[in-house]
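Participant: Next up, my_file-v7.cif (mmCIF, C-alpha atoms).
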```
data_query
#
loop_
_atom_site.label_atom_id
_atom_site.label_comp_id
_atom_site.auth_asym_id
_atom_site.auth_seq_id
_atom_site.Cartn_x
_atom_site.Cartn_y
_atom_site.Cartn_z
CA MET A 1 -35.49 -1.10 -21.28
CA SER A 2 -32.90 1.46 -22.21
CA GLU A 3 -31.45 1.51 -25.68
CA PHE A 4 -28.10 2.34 -24.09
CA SER A 5 -25.81 -0.24 -22.56
CA VAL A 6 -23.37 2.20 -20.88
CA ILE A 7 -25.05 5.61 -20.50
CA GLY A 8 -27.00 5.85 -17.27
CA ARG A 9 -25.38 2.78 -15.70
CA ARG A 10 -22.92 2.68 -12.80
CA LEU A 11 -19.77 0.99 -14.02
CA PRO A 12 -16.58 0.31 -12.07
CA LYS A 13 -13.45 1.96 -13.42
CA VAL A 14 -11.52 -0.38 -15.69
CA ASN A 15 -8.42 -0.12 -13.50
CA SER A 16 -10.19 -0.36 -10.17
CA TRP A 17 -9.32 -4.01 -9.53
CA ALA A 18 -5.62 -3.24 -10.05
CA HIS A 19 -5.88 -0.36 -7.55
CA LEU A 20 -7.75 -2.52 -5.05
CA THR A 21 -5.45 -5.54 -5.11
CA GLY A 22 -2.17 -3.63 -4.97
CA GLU A 23 -1.23 -4.72 -8.48
CA ALA A 24 -1.28 -1.20 -9.93
CA ARG A 25 2.29 -0.14 -10.71
CA TYR A 26 3.33 3.43 -9.94
CA ALA A 27 6.71 4.92 -10.84
CA ASP A 28 7.88 4.34 -7.26
CA ASP A 29 7.08 0.63 -7.59
CA LEU A 30 9.52 -0.02 -10.42
CA PHE A 31 12.76 -1.74 -9.45
CA LEU A 32 15.15 -2.56 -12.26
CA PRO A 33 18.58 -4.19 -12.23
CA ARG A 34 21.34 -1.62 -11.72
CA MET A 35 18.73 1.11 -11.39
CA LEU A 36 20.14 4.50 -10.51
CA TYR A 37 18.42 7.11 -8.37
CA GLY A 38 18.49 10.75 -9.26
CA ALA A 39 17.43 13.95 -7.58
CA PHE A 40 17.41 17.60 -8.54
CA SER A 41 19.35 19.99 -6.41
CA GLY A 42 19.51 23.77 -6.60
CA ARG A 43 23.07 23.78 -5.32
CA ARG A 44 25.82 24.79 -7.70
CA ALA A 45 28.64 23.28 -5.69
CA LEU A 46 28.96 20.23 -3.50
CA THR A 47 28.74 21.35 0.12
CA PRO A 48 29.24 19.13 3.17
CA ALA A 49 25.45 19.04 3.60
CA SER A 50 24.69 18.05 0.02
CA ALA A 51 27.52 15.52 0.02
CA ALA A 52 26.03 13.93 3.17
CA TRP A 53 22.64 13.85 1.51
CA THR A 54 24.09 12.16 -1.57
CA LEU A 55 25.83 9.52 0.54
CA ALA A 56 22.62 8.90 2.50
CA ALA A 57 20.67 8.46 -0.74
CA ARG A 58 23.31 6.05 -2.00
CA SER A 59 23.14 4.00 1.19
CA ARG A 60 19.42 3.53 0.57
CA THR A 61 20.18 1.77 -2.72
CA PRO A 62 20.57 -2.00 -2.27
CA ALA A 63 24.21 -2.93 -2.77
CA SER A 64 23.41 -5.45 -5.48
CA TRP A 65 21.94 -2.67 -7.64
CA ARG A 66 24.79 -0.22 -7.27
CA SER A 67 27.01 0.24 -10.26
CA MET B 1 26.36 -2.56 5.06
CA THR B 2 25.43 -5.19 7.62
CA LYS B 3 22.53 -7.37 6.67
CA GLN B 4 20.41 -9.28 9.09
CA LEU B 5 18.48 -12.46 8.47
CA LEU B 6 14.79 -12.00 9.15
CA THR B 7 11.85 -14.36 9.11
CA LEU B 8 8.47 -12.69 8.82
CA ARG B 9 5.04 -14.21 8.42
CA VAL B 10 3.57 -12.25 5.52
CA ASN B 11 0.07 -13.01 4.21
CA GLY B 12 0.19 -16.40 5.89
CA GLU B 13 3.57 -17.48 4.52
CA PRO B 14 6.89 -17.50 6.39
CA ARG B 15 9.41 -15.47 4.38
CA THR B 16 13.12 -15.38 5.22
CA ILE B 17 15.18 -12.56 3.78
CA ALA B 18 18.50 -10.84 4.33
CA ALA B 19 17.74 -7.16 4.84
CA ASP B 20 19.84 -4.12 5.62
CA SER B 21 19.55 -3.64 9.35
CA HIS B 22 18.23 -0.09 8.95
CA HIS B 23 15.44 -1.15 6.60
CA THR B 24 11.93 -0.49 7.83
CA LEU B 25 9.09 -2.98 7.51
CA LEU B 26 7.92 -0.93 4.51
CA GLU B 27 11.27 -1.27 2.74
CA VAL B 28 11.46 -4.98 3.52
CA LEU B 29 7.96 -5.55 2.12
CA ARG B 30 8.50 -3.46 -1.01
CA GLU B 31 12.16 -4.03 -1.81
CA GLU B 32 13.14 -7.40 -0.33
CA LEU B 33 9.78 -9.14 -0.81
CA GLY B 34 8.58 -7.26 -3.92
CA LEU B 35 5.18 -6.51 -2.35
CA THR B 36 4.76 -3.03 -3.81
CA GLY B 37 1.02 -2.90 -3.11
CA THR B 38 1.90 -1.27 0.22
CA LYS B 39 2.63 2.31 -0.76
CA HIS B 40 5.58 4.50 0.13
CA GLY B 41 4.14 7.92 0.87
CA CYS B 42 5.51 10.43 3.33
CA GLU B 43 7.90 8.18 5.28
CA LEU B 44 6.96 10.23 8.35
CA GLY B 45 3.85 8.47 9.62
CA GLU B 46 1.59 11.28 8.44
CA CYS B 47 -0.17 9.87 5.38
CA GLY B 48 -1.12 6.26 6.20
CA ALA B 49 -0.33 4.98 2.69
CA CYS B 50 1.96 2.30 4.16
CA THR B 51 -0.59 0.88 6.61
CA VAL B 52 -0.40 -2.90 7.03
CA LEU B 53 -1.91 -5.18 9.67
CA VAL B 54 0.27 -6.77 12.34
CA ASP B 55 -1.78 -9.40 14.13
CA GLY B 56 -4.85 -7.56 12.86
CA VAL B 57 -3.80 -4.15 14.17
CA PRO B 58 -3.07 -1.37 11.66
CA VAL B 59 0.53 -0.17 11.88
CA LEU B 60 2.52 2.30 9.79
CA ALA B 61 5.12 0.15 8.05
CA CYS B 62 7.35 3.19 7.41
CA LEU B 63 7.84 3.65 11.16
CA THR B 64 8.13 -0.03 12.08
CA LEU B 65 11.37 -1.98 12.23
CA PRO B 66 10.90 -5.58 11.12
CA ALA B 67 12.66 -6.86 14.23
CA LEU B 68 9.78 -5.46 16.31
CA VAL B 69 7.29 -7.56 14.36
CA GLY B 70 8.81 -10.89 15.37
CA ASP B 71 6.62 -13.82 14.38
CA ALA B 72 3.40 -11.80 14.27
CA ASP B 73 1.16 -12.11 11.22
CA VAL B 74 1.72 -9.31 8.71
CA THR B 75 -1.13 -8.74 6.26
CA THR B 76 -0.72 -6.48 3.22
CA VAL B 77 -3.18 -5.54 0.49
CA GLU B 78 -1.86 -8.49 -1.52
CA GLY B 79 -3.19 -10.77 1.22
CA LEU B 80 -6.63 -9.17 1.37
CA ALA B 81 -8.10 -10.98 -1.64
CA ASN B 82 -8.31 -14.70 -1.99
CA GLY B 83 -5.40 -15.76 -4.15
CA ALA B 84 -3.31 -14.32 -6.98
CA GLY B 85 -5.26 -12.83 -9.88
CA ALA B 86 -8.24 -12.14 -7.64
CA GLY B 87 -10.58 -9.54 -9.06
CA ALA B 88 -9.63 -10.18 -12.66
CA PRO B 89 -12.56 -10.61 -15.04
CA GLY B 90 -14.38 -13.73 -13.97
CA ARG B 91 -12.70 -13.78 -10.56
CA GLU B 92 -14.43 -10.80 -8.93
CA ALA B 93 -15.95 -12.99 -6.21
CA THR B 94 -12.50 -13.72 -4.82
CA LEU B 95 -12.10 -10.12 -3.68
CA HIS B 96 -12.64 -9.00 -0.09
CA PRO B 97 -16.04 -7.29 0.42
CA LEU B 98 -14.17 -4.01 1.01
CA GLN B 99 -12.45 -4.27 -2.36
CA ILE B 100 -15.76 -4.91 -4.11
CA ALA B 101 -17.47 -2.02 -2.32
CA PHE B 102 -14.55 0.34 -3.07
CA ALA B 103 -14.82 -0.53 -6.78
CA GLU B 104 -18.59 -0.08 -6.84
CA GLU B 105 -18.49 3.27 -5.03
CA GLY B 106 -15.53 4.68 -6.96
CA ALA B 107 -13.65 4.99 -3.66
CA ALA B 108 -10.30 4.52 -5.40
CA GLN B 109 -9.41 7.32 -7.78
CA CYS B 110 -5.65 7.57 -8.22
CA GLY B 111 -5.45 4.54 -5.93
CA TYR B 112 -2.33 5.52 -4.01
CA CYS B 113 -4.03 5.77 -0.59
CA THR B 114 -6.24 2.76 -1.33
CA PRO B 115 -4.12 -0.12 0.03
CA GLY B 116 -3.66 1.71 3.35
CA MET B 117 -7.35 2.66 3.43
CA LEU B 118 -8.36 -0.95 2.82
CA MET B 119 -6.15 -2.31 5.59
CA THR B 120 -7.33 0.30 8.10
CA ALA B 121 -10.95 -0.38 7.10
CA LYS B 122 -10.46 -4.13 7.46
CA ALA B 123 -9.12 -3.65 11.00
CA LEU B 124 -12.17 -1.50 11.79
CA LEU B 125 -14.70 -3.98 10.40
CA ASP B 126 -12.96 -6.90 12.12
CA THR B 127 -13.57 -5.24 15.50
CA THR B 128 -16.71 -3.17 14.75
CA ALA B 129 -19.14 -4.98 12.46
CA ARG B 130 -21.47 -2.01 11.88
CA PRO B 131 -19.46 1.15 12.44
CA THR B 132 -21.12 4.55 12.48
CA ARG B 133 -19.98 7.26 10.09
CA ALA B 134 -18.15 8.89 13.02
CA GLN B 135 -16.35 5.64 13.86
CA ILE B 136 -15.29 5.24 10.22
CA ALA B 137 -14.06 8.83 10.08
CA SER B 138 -12.10 8.32 13.28
CA ALA B 139 -10.61 5.01 12.07
CA ILE B 140 -9.34 6.41 8.75
CA SER B 141 -8.31 9.78 10.16
CA GLY B 142 -4.67 8.71 9.75
CA ASN B 143 -5.10 7.85 6.07
CA LEU B 144 -4.89 10.87 3.78
CA CYS B 145 -6.67 10.91 0.40
CA ARG B 146 -6.15 13.78 -2.02
CA CYS B 147 -8.71 12.64 -4.63
CA THR B 148 -12.03 11.56 -3.25
CA GLY B 149 -12.99 14.00 -0.51
CA TYR B 150 -13.56 10.84 1.58
CA THR B 151 -17.32 10.56 1.04
CA ALA B 152 -17.02 7.69 -1.45
CA ILE B 153 -14.65 5.93 0.97
CA TYR B 154 -17.08 6.29 3.90
CA GLU B 155 -19.88 4.94 1.71
CA ALA B 156 -17.78 2.01 0.48
CA ILE B 157 -16.87 0.99 4.04
CA GLU B 158 -20.53 1.24 5.08
CA LYS B 159 -21.54 -0.84 2.07
CA ALA B 160 -18.98 -3.54 2.88
CA ALA B 161 -20.15 -3.57 6.52
CA SER B 162 -23.77 -3.95 5.48
CA ARG B 163 -22.92 -7.08 3.49
CA ALA B 164 -20.86 -8.80 6.15
#
```
Write out the structure in this file as C-alpha coordinates.

Facilitator:
Amino acid sequence: MSEFSVIGRRLPKVNSWAHLTGEARYADDLFLPRMLYGAFSGRRALTPASAAWTLAARSRTPASWRS
Amino acid sequence: MTKQLLTLRVNGEPRTIAADSHHTLLEVLREELGLTGTKHGCELGECGACTVLVDGVPVLACLTLPALVGDADVTTVEGLANGAGAGAPGREATLHPLQIAFAEEGAAQCGYCTPGMLMTAKALLDTTARPTRAQIASAISGNLCRCTGYTAIYEAIEKAASRA
(Lines of atoms letter the chains of each structure in order from A and count residues from 1; the text may use other names and numbers.)
(Lines give C-alpha, C1' and ligand atoms only; values in the text may rest on other atoms or scores of the structure.)
Protein backbone atom coordinates (compact mmCIF):
# COMPACT_ATOMS: atom_id res chain seq x y z
CA MET A 1 0.00 0.00 0.00
CA SER A 2 1.60 3.20 -1.14
CA GLU A 3 1.48 6.26 1.04
CA PHE A 4 0.97 8.30 -2.13
CA SER A 5 -2.36 8.70 -3.86
CA VAL A 6 -1.06 10.34 -7.07
CA ILE A 7 2.66 9.59 -7.45
CA GLY A 8 3.25 6.33 -9.27
CA ARG A 9 -0.32 6.05 -10.58
CA ARG A 10 -1.52 6.44 -14.16
CA LEU A 11 -4.05 9.24 -14.23
CA PRO A 12 -5.96 10.59 -17.23
CA LYS A 13 -5.35 14.24 -18.05
CA VAL A 14 -7.98 16.47 -16.48
CA ASN A 15 -9.00 17.84 -19.88
CA SER A 16 -8.93 14.54 -21.75
CA TRP A 17 -12.70 14.03 -21.76
CA ALA A 18 -13.19 17.48 -23.32
CA HIS A 19 -10.64 16.60 -26.03
CA LEU A 20 -12.26 13.23 -26.65
CA THR A 21 -15.86 14.39 -26.93
CA GLY A 22 -15.20 17.42 -29.13
CA GLU A 23 -16.21 19.81 -26.37
CA ALA A 24 -12.77 21.40 -26.05
CA ARG A 25 -12.91 24.96 -27.40
CA TYR A 26 -9.99 26.22 -29.48
CA ALA A 27 -9.66 29.79 -30.75
CA ASP A 28 -10.93 28.66 -34.16
CA ASP A 29 -14.11 27.31 -32.53
CA LEU A 30 -15.28 30.65 -31.18
CA PHE A 31 -18.08 32.33 -33.12
CA LEU A 32 -19.40 35.58 -31.72
CA PRO A 33 -22.09 37.94 -32.99
CA ARG A 34 -20.66 40.50 -35.41
CA MET A 35 -17.25 38.87 -35.13
CA LEU A 36 -14.64 40.34 -37.43
CA TYR A 37 -11.82 38.41 -39.06
CA GLY A 38 -8.34 39.82 -39.29
CA ALA A 39 -5.15 38.82 -41.00
CA PHE A 40 -1.64 40.19 -41.15
CA SER A 41 -0.26 41.17 -44.48
CA GLY A 42 3.24 42.30 -45.38
CA ARG A 43 1.92 44.47 -48.18
CA ARG A 44 2.16 48.23 -47.79
CA ALA A 45 -0.40 49.05 -50.44
CA LEU A 46 -3.57 47.40 -51.64
CA THR A 47 -2.78 45.52 -54.84
CA PRO A 48 -5.32 43.75 -57.05
CA ALA A 49 -4.15 40.44 -55.55
CA SER A 50 -4.48 41.53 -51.94
CA ALA A 51 -7.82 43.20 -52.66
CA ALA A 52 -9.08 39.92 -54.15
CA TRP A 53 -7.86 38.07 -51.10
CA THR A 54 -9.65 40.50 -48.80
CA LEU A 55 -12.90 40.13 -50.72
CA ALA A 56 -12.58 36.34 -50.64
CA ALA A 57 -12.03 36.41 -46.87
CA ARG A 58 -15.06 38.65 -46.48
CA SER A 59 -17.22 36.30 -48.52
CA ARG A 60 -16.34 33.52 -46.08
CA THR A 61 -17.93 35.49 -43.25
CA PRO A 62 -21.64 34.67 -42.84
CA ALA A 63 -23.70 37.65 -43.95
CA SER A 64 -25.54 37.87 -40.64
CA TRP A 65 -22.24 38.52 -38.84
CA ARG A 66 -20.94 41.21 -41.17
CA SER A 67 -20.99 44.73 -39.87
CA MET B 1 -24.82 35.23 -51.63
CA THR B 2 -27.20 32.47 -52.63
CA LYS B 3 -28.17 30.13 -49.86
CA GLN B 4 -29.46 26.65 -50.36
CA LEU B 5 -31.72 24.67 -48.08
CA LEU B 6 -30.10 21.44 -46.98
CA THR B 7 -31.31 18.53 -44.92
CA LEU B 8 -28.57 16.36 -43.47
CA ARG B 9 -28.79 13.45 -41.07
CA VAL B 10 -26.19 14.31 -38.44
CA ASN B 11 -25.59 12.02 -35.46
CA GLY B 12 -28.97 10.39 -36.04
CA GLU B 13 -31.00 13.60 -36.26
CA PRO B 14 -32.31 15.26 -39.42
CA ARG B 15 -31.08 18.86 -39.49
CA THR B 16 -32.34 21.41 -42.01
CA ILE B 17 -30.26 24.53 -42.55
CA ALA B 18 -29.83 27.32 -45.06
CA ALA B 19 -26.17 27.31 -46.07
CA ASP B 20 -24.11 29.30 -48.53
CA SER B 21 -23.91 27.16 -51.62
CA HIS B 22 -20.10 27.16 -51.57
CA HIS B 23 -19.93 25.93 -47.98
CA THR B 24 -18.23 22.59 -47.47
CA LEU B 25 -19.58 19.88 -45.18
CA LEU B 26 -16.98 21.06 -42.65
CA GLU B 27 -18.27 24.63 -42.70
CA VAL B 28 -21.88 23.48 -42.48
CA LEU B 29 -21.09 21.28 -39.47
CA ARG B 30 -19.03 23.91 -37.66
CA GLU B 31 -20.73 27.16 -38.62
CA GLU B 32 -24.35 26.34 -39.46
CA LEU B 33 -24.79 23.48 -36.98
CA GLY B 34 -22.34 24.64 -34.28
CA LEU B 35 -20.63 21.24 -34.14
CA THR B 36 -17.10 22.51 -33.62
CA GLY B 37 -15.77 19.15 -32.42
CA THR B 38 -14.85 18.45 -36.05
CA LYS B 39 -11.66 20.42 -36.52
CA HIS B 40 -10.69 22.84 -39.26
CA GLY B 41 -7.07 22.09 -40.06
CA CYS B 42 -5.41 22.46 -43.43
CA GLU B 43 -8.51 22.80 -45.64
CA LEU B 44 -6.57 20.86 -48.28
CA GLY B 45 -7.27 17.24 -47.37
CA GLU B 46 -3.77 16.73 -46.02
CA CYS B 47 -4.20 16.64 -42.25
CA GLY B 48 -7.33 14.56 -41.54
CA ALA B 49 -8.48 16.80 -38.65
CA CYS B 50 -11.90 17.21 -40.30
CA THR B 51 -12.59 13.49 -40.74
CA VAL B 52 -16.23 12.52 -40.20
CA LEU B 53 -18.10 9.32 -41.08
CA VAL B 54 -20.58 9.26 -43.96
CA ASP B 55 -22.51 6.01 -43.78
CA GLY B 56 -19.63 4.65 -41.71
CA VAL B 57 -16.92 5.61 -44.20
CA PRO B 58 -14.33 8.22 -43.17
CA VAL B 59 -14.44 11.29 -45.41
CA LEU B 60 -12.62 14.61 -45.27
CA ALA B 61 -15.35 17.14 -44.52
CA CYS B 62 -13.20 20.00 -45.86
CA LEU B 63 -13.28 18.48 -49.34
CA THR B 64 -16.91 17.33 -49.30
CA LEU B 65 -19.85 19.40 -50.50
CA PRO B 66 -22.95 18.76 -48.40
CA ALA B 67 -25.04 18.20 -51.53
CA LEU B 68 -22.95 15.08 -52.22
CA VAL B 69 -23.88 13.63 -48.85
CA GLY B 70 -27.61 13.51 -49.57
CA ASP B 71 -29.53 11.59 -46.92
CA ALA B 72 -26.53 9.53 -45.79
CA ASP B 73 -25.78 9.31 -42.07
CA VAL B 74 -23.11 11.79 -40.97
CA THR B 75 -21.38 10.95 -37.69
CA THR B 76 -19.12 13.47 -35.94
CA VAL B 77 -17.15 13.19 -32.71
CA GLU B 78 -20.17 14.64 -30.90
CA GLY B 79 -22.11 11.54 -31.96
CA LEU B 80 -19.46 9.06 -30.83
CA ALA B 81 -20.37 9.09 -27.13
CA ASN B 82 -23.75 8.22 -25.77
CA GLY B 83 -25.53 11.48 -25.11
CA ALA B 84 -24.63 15.04 -24.13
CA GLY B 85 -22.31 15.40 -21.15
CA ALA B 86 -20.85 11.95 -21.75
CA GLY B 87 -17.49 11.44 -20.10
CA ALA B 88 -18.08 14.01 -17.39
CA PRO B 89 -17.26 12.84 -13.87
CA GLY B 90 -19.67 10.04 -13.08
CA ARG B 91 -20.60 9.54 -16.73
CA GLU B 92 -17.37 7.97 -18.01
CA ALA B 93 -19.17 4.75 -18.98
CA THR B 94 -21.15 6.60 -21.63
CA LEU B 95 -18.02 7.17 -23.71
CA HIS B 96 -17.13 5.06 -26.74
CA PRO B 97 -14.42 2.45 -25.96
CA LEU B 98 -12.04 4.41 -28.21
CA GLN B 99 -12.56 7.57 -26.16
CA ILE B 100 -11.86 5.69 -22.92
CA ALA B 101 -8.74 4.04 -24.34
CA PHE B 102 -7.46 7.36 -25.75
CA ALA B 103 -7.84 8.94 -22.29
CA GLU B 104 -6.13 6.04 -20.52
CA GLU B 105 -3.19 5.94 -22.95
CA GLY B 106 -2.70 9.70 -23.14
CA ALA B 107 -3.35 9.51 -26.89
CA ALA B 108 -4.77 13.04 -26.94
CA GLN B 109 -2.23 15.72 -26.11
CA CYS B 110 -3.23 19.04 -27.63
CA GLY B 111 -6.35 17.24 -28.85
CA TYR B 112 -6.66 18.95 -32.22
CA CYS B 113 -6.18 15.79 -34.32
CA THR B 114 -8.17 13.69 -31.85
CA PRO B 115 -11.71 13.98 -33.27
CA GLY B 116 -10.46 12.98 -36.74
CA MET B 117 -8.34 10.19 -35.27
CA LEU B 118 -11.31 8.84 -33.33
CA MET B 119 -13.60 8.80 -36.37
CA THR B 120 -10.99 7.12 -38.56
CA ALA B 121 -10.30 4.58 -35.80
CA LYS B 122 -14.01 3.88 -35.37
CA ALA B 123 -14.35 3.16 -39.09
CA LEU B 124 -11.37 0.79 -38.83
CA LEU B 125 -12.70 -1.09 -35.80
CA ASP B 126 -16.19 -1.32 -37.32
CA THR B 127 -14.74 -3.25 -40.28
CA THR B 128 -11.67 -4.88 -38.67
CA ALA B 129 -12.32 -6.02 -35.11
CA ARG B 130 -8.71 -6.88 -34.26
CA PRO B 131 -6.48 -4.81 -36.53
CA THR B 132 -2.74 -5.36 -36.64
CA ARG B 133 -0.36 -2.50 -35.89
CA ALA B 134 0.27 -2.23 -39.65
CA GLN B 135 -3.46 -2.00 -40.38
CA ILE B 136 -3.86 0.73 -37.75
CA ALA B 137 -0.90 2.65 -39.16
CA SER B 138 -2.34 2.38 -42.65
CA ALA B 139 -5.83 3.44 -41.51
CA ILE B 140 -4.65 6.60 -39.72
CA SER B 141 -1.97 7.46 -42.27
CA GLY B 142 -4.17 10.37 -43.41
CA ASN B 143 -4.49 11.81 -39.90
CA LEU B 144 -1.52 13.93 -38.88
CA CYS B 145 -0.56 14.34 -35.20
CA ARG B 146 2.17 16.76 -34.17
CA CYS B 147 2.22 15.84 -30.46
CA THR B 148 2.21 12.16 -29.72
CA GLY B 149 4.56 10.48 -32.17
CA TYR B 150 1.60 8.14 -32.83
CA THR B 151 2.67 5.33 -30.47
CA ALA B 152 0.11 6.24 -27.80
CA ILE B 153 -2.57 6.42 -30.52
CA TYR B 154 -1.68 2.95 -31.87
CA GLU B 155 -1.79 1.57 -28.34
CA ALA B 156 -5.13 3.22 -27.57
CA ILE B 157 -6.73 1.79 -30.72
CA GLU B 158 -5.34 -1.67 -29.88
CA LYS B 159 -6.67 -1.35 -26.34
CA ALA B 160 -10.14 -0.37 -27.56
CA ALA B 161 -10.11 -3.29 -30.02
CA SER B 162 -9.13 -5.73 -27.30
CA ARG B 163 -12.17 -4.72 -25.24
CA ALA B 164 -14.73 -4.90 -28.01

Participant: Residues of chain B no more than 6 Å from chain A, counting all atoms listed in the file: send them over as a tab-separated table (two decimals) with C-alpha atoms, keeping the file's coordinate frame.

Facilitator:
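Result file is selection.tsv:
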```tsv
chain	number	residue	atom	x	y	z
B	36	THR	CA	4.76	-3.03	-3.81
B	37	GLY	CA	1.02	-2.90	-3.11
B	77	VAL	CA	-3.18	-5.54	0.49
B	78	GLU	CA	-1.86	-8.49	-1.52
B	87	GLY	CA	-10.58	-9.54	-9.06
B	99	GLN	CA	-12.45	-4.27	-2.36
B	103	ALA	CA	-14.82	-0.53	-6.78
B	104	GLU	CA	-18.59	-0.08	-6.84
B	111	GLY	CA	-5.45	4.54	-5.93
```

Participant: Counting all atoms listed in the file, which residues come within 10 Å of (0.0, -3.2, 3.9), with the point read in the file's coordinates, and could you list them as JSON, numbers by chain?

Facilitator: {"A": [22], "B": [10, 11, 25, 26, 29, 30, 35, 36, 37, 38, 39, 48, 49, 50, 51, 52, 53, 54, 58, 59, 60, 61, 74, 75, 76, 77, 78, 79, 80, 115, 116, 117, 118, 119, 120]}

Participant: Just give me the gap between atom CA of Tyr150 of chain B and atom CA of Pro97 of chain B in Å, one decimal is fine.

Facilitator: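 Computed distance, atom CA of Tyr150 of chain B to atom CA of Pro97 of chain B, equals 18.3 Å.
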
Participant: Just how far from atom CA of Leu5 of chain B is atom CA of Asp20 of chain B, in Å to one decimal?

Facilitator: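 Computing the Euclidean distance for atom CA of Asp20 of chain B and atom CA of Leu5 of chain B yields 8.9 Å.
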
Participant: What is the atom CA of Arg133 of chain B to atom CA of Thr151 of chain B distance in Å?

Facilitator: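 So the answer is 10.0 Å.
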
Participant: Could you tell me which of B:Thr2, B:Ser162, B:Thr24, B:Thr16 comes closest to Ala129 of chain B if we count all atoms listed in the file?

Facilitator: B:Ser162

Participant: Given the point (-21.1, -4.5, 0.7) in the coordinates of this file, which residues lie within 9 Å, counting all atoms listed in the file, and how would they look as a list in words?

Facilitator: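 Output: Pro97, Leu98, Ile100, Ala101, Phe102, Ala156, Ile157, Glu158, Lys159, Ala160, Ala161, Ser162, Arg163 and Ala164 of chain B.
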
Participant: Using all atoms listed in the file, which residue out of B:Thr94, B:Thr7, B:Thr114, B:Thr132 lies closest to Asp71 of chain B?

Facilitator: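 Looking only at the distances to Asp71 of chain B, the closest residue turns out to be B:Thr7.
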
Participant: So what does the PyMOL selection byres ((chain B and resi 143) around 6) actually pick up in this one, as a list in words?

Facilitator: Cys47, Gly48, Ile140, Ser141, Gly142 and Leu144 of chain B

Participant: Nearest residue to Ala107 of chain B out of B:Arg130, B:Ile153, B:Cys145, B:Asp73, using all atoms listed in the file?

Facilitator: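 For Ala107 of chain B, the nearest of the candidates is B:Ile153.
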
Participant: Might you spell out which residues the PyMOL selection byres ((chain B and resi 146) around 10) would select in the displayed file, as a ChimeraX atom specification?

Facilitator: /B:109-110,112-113,144-145,147-150
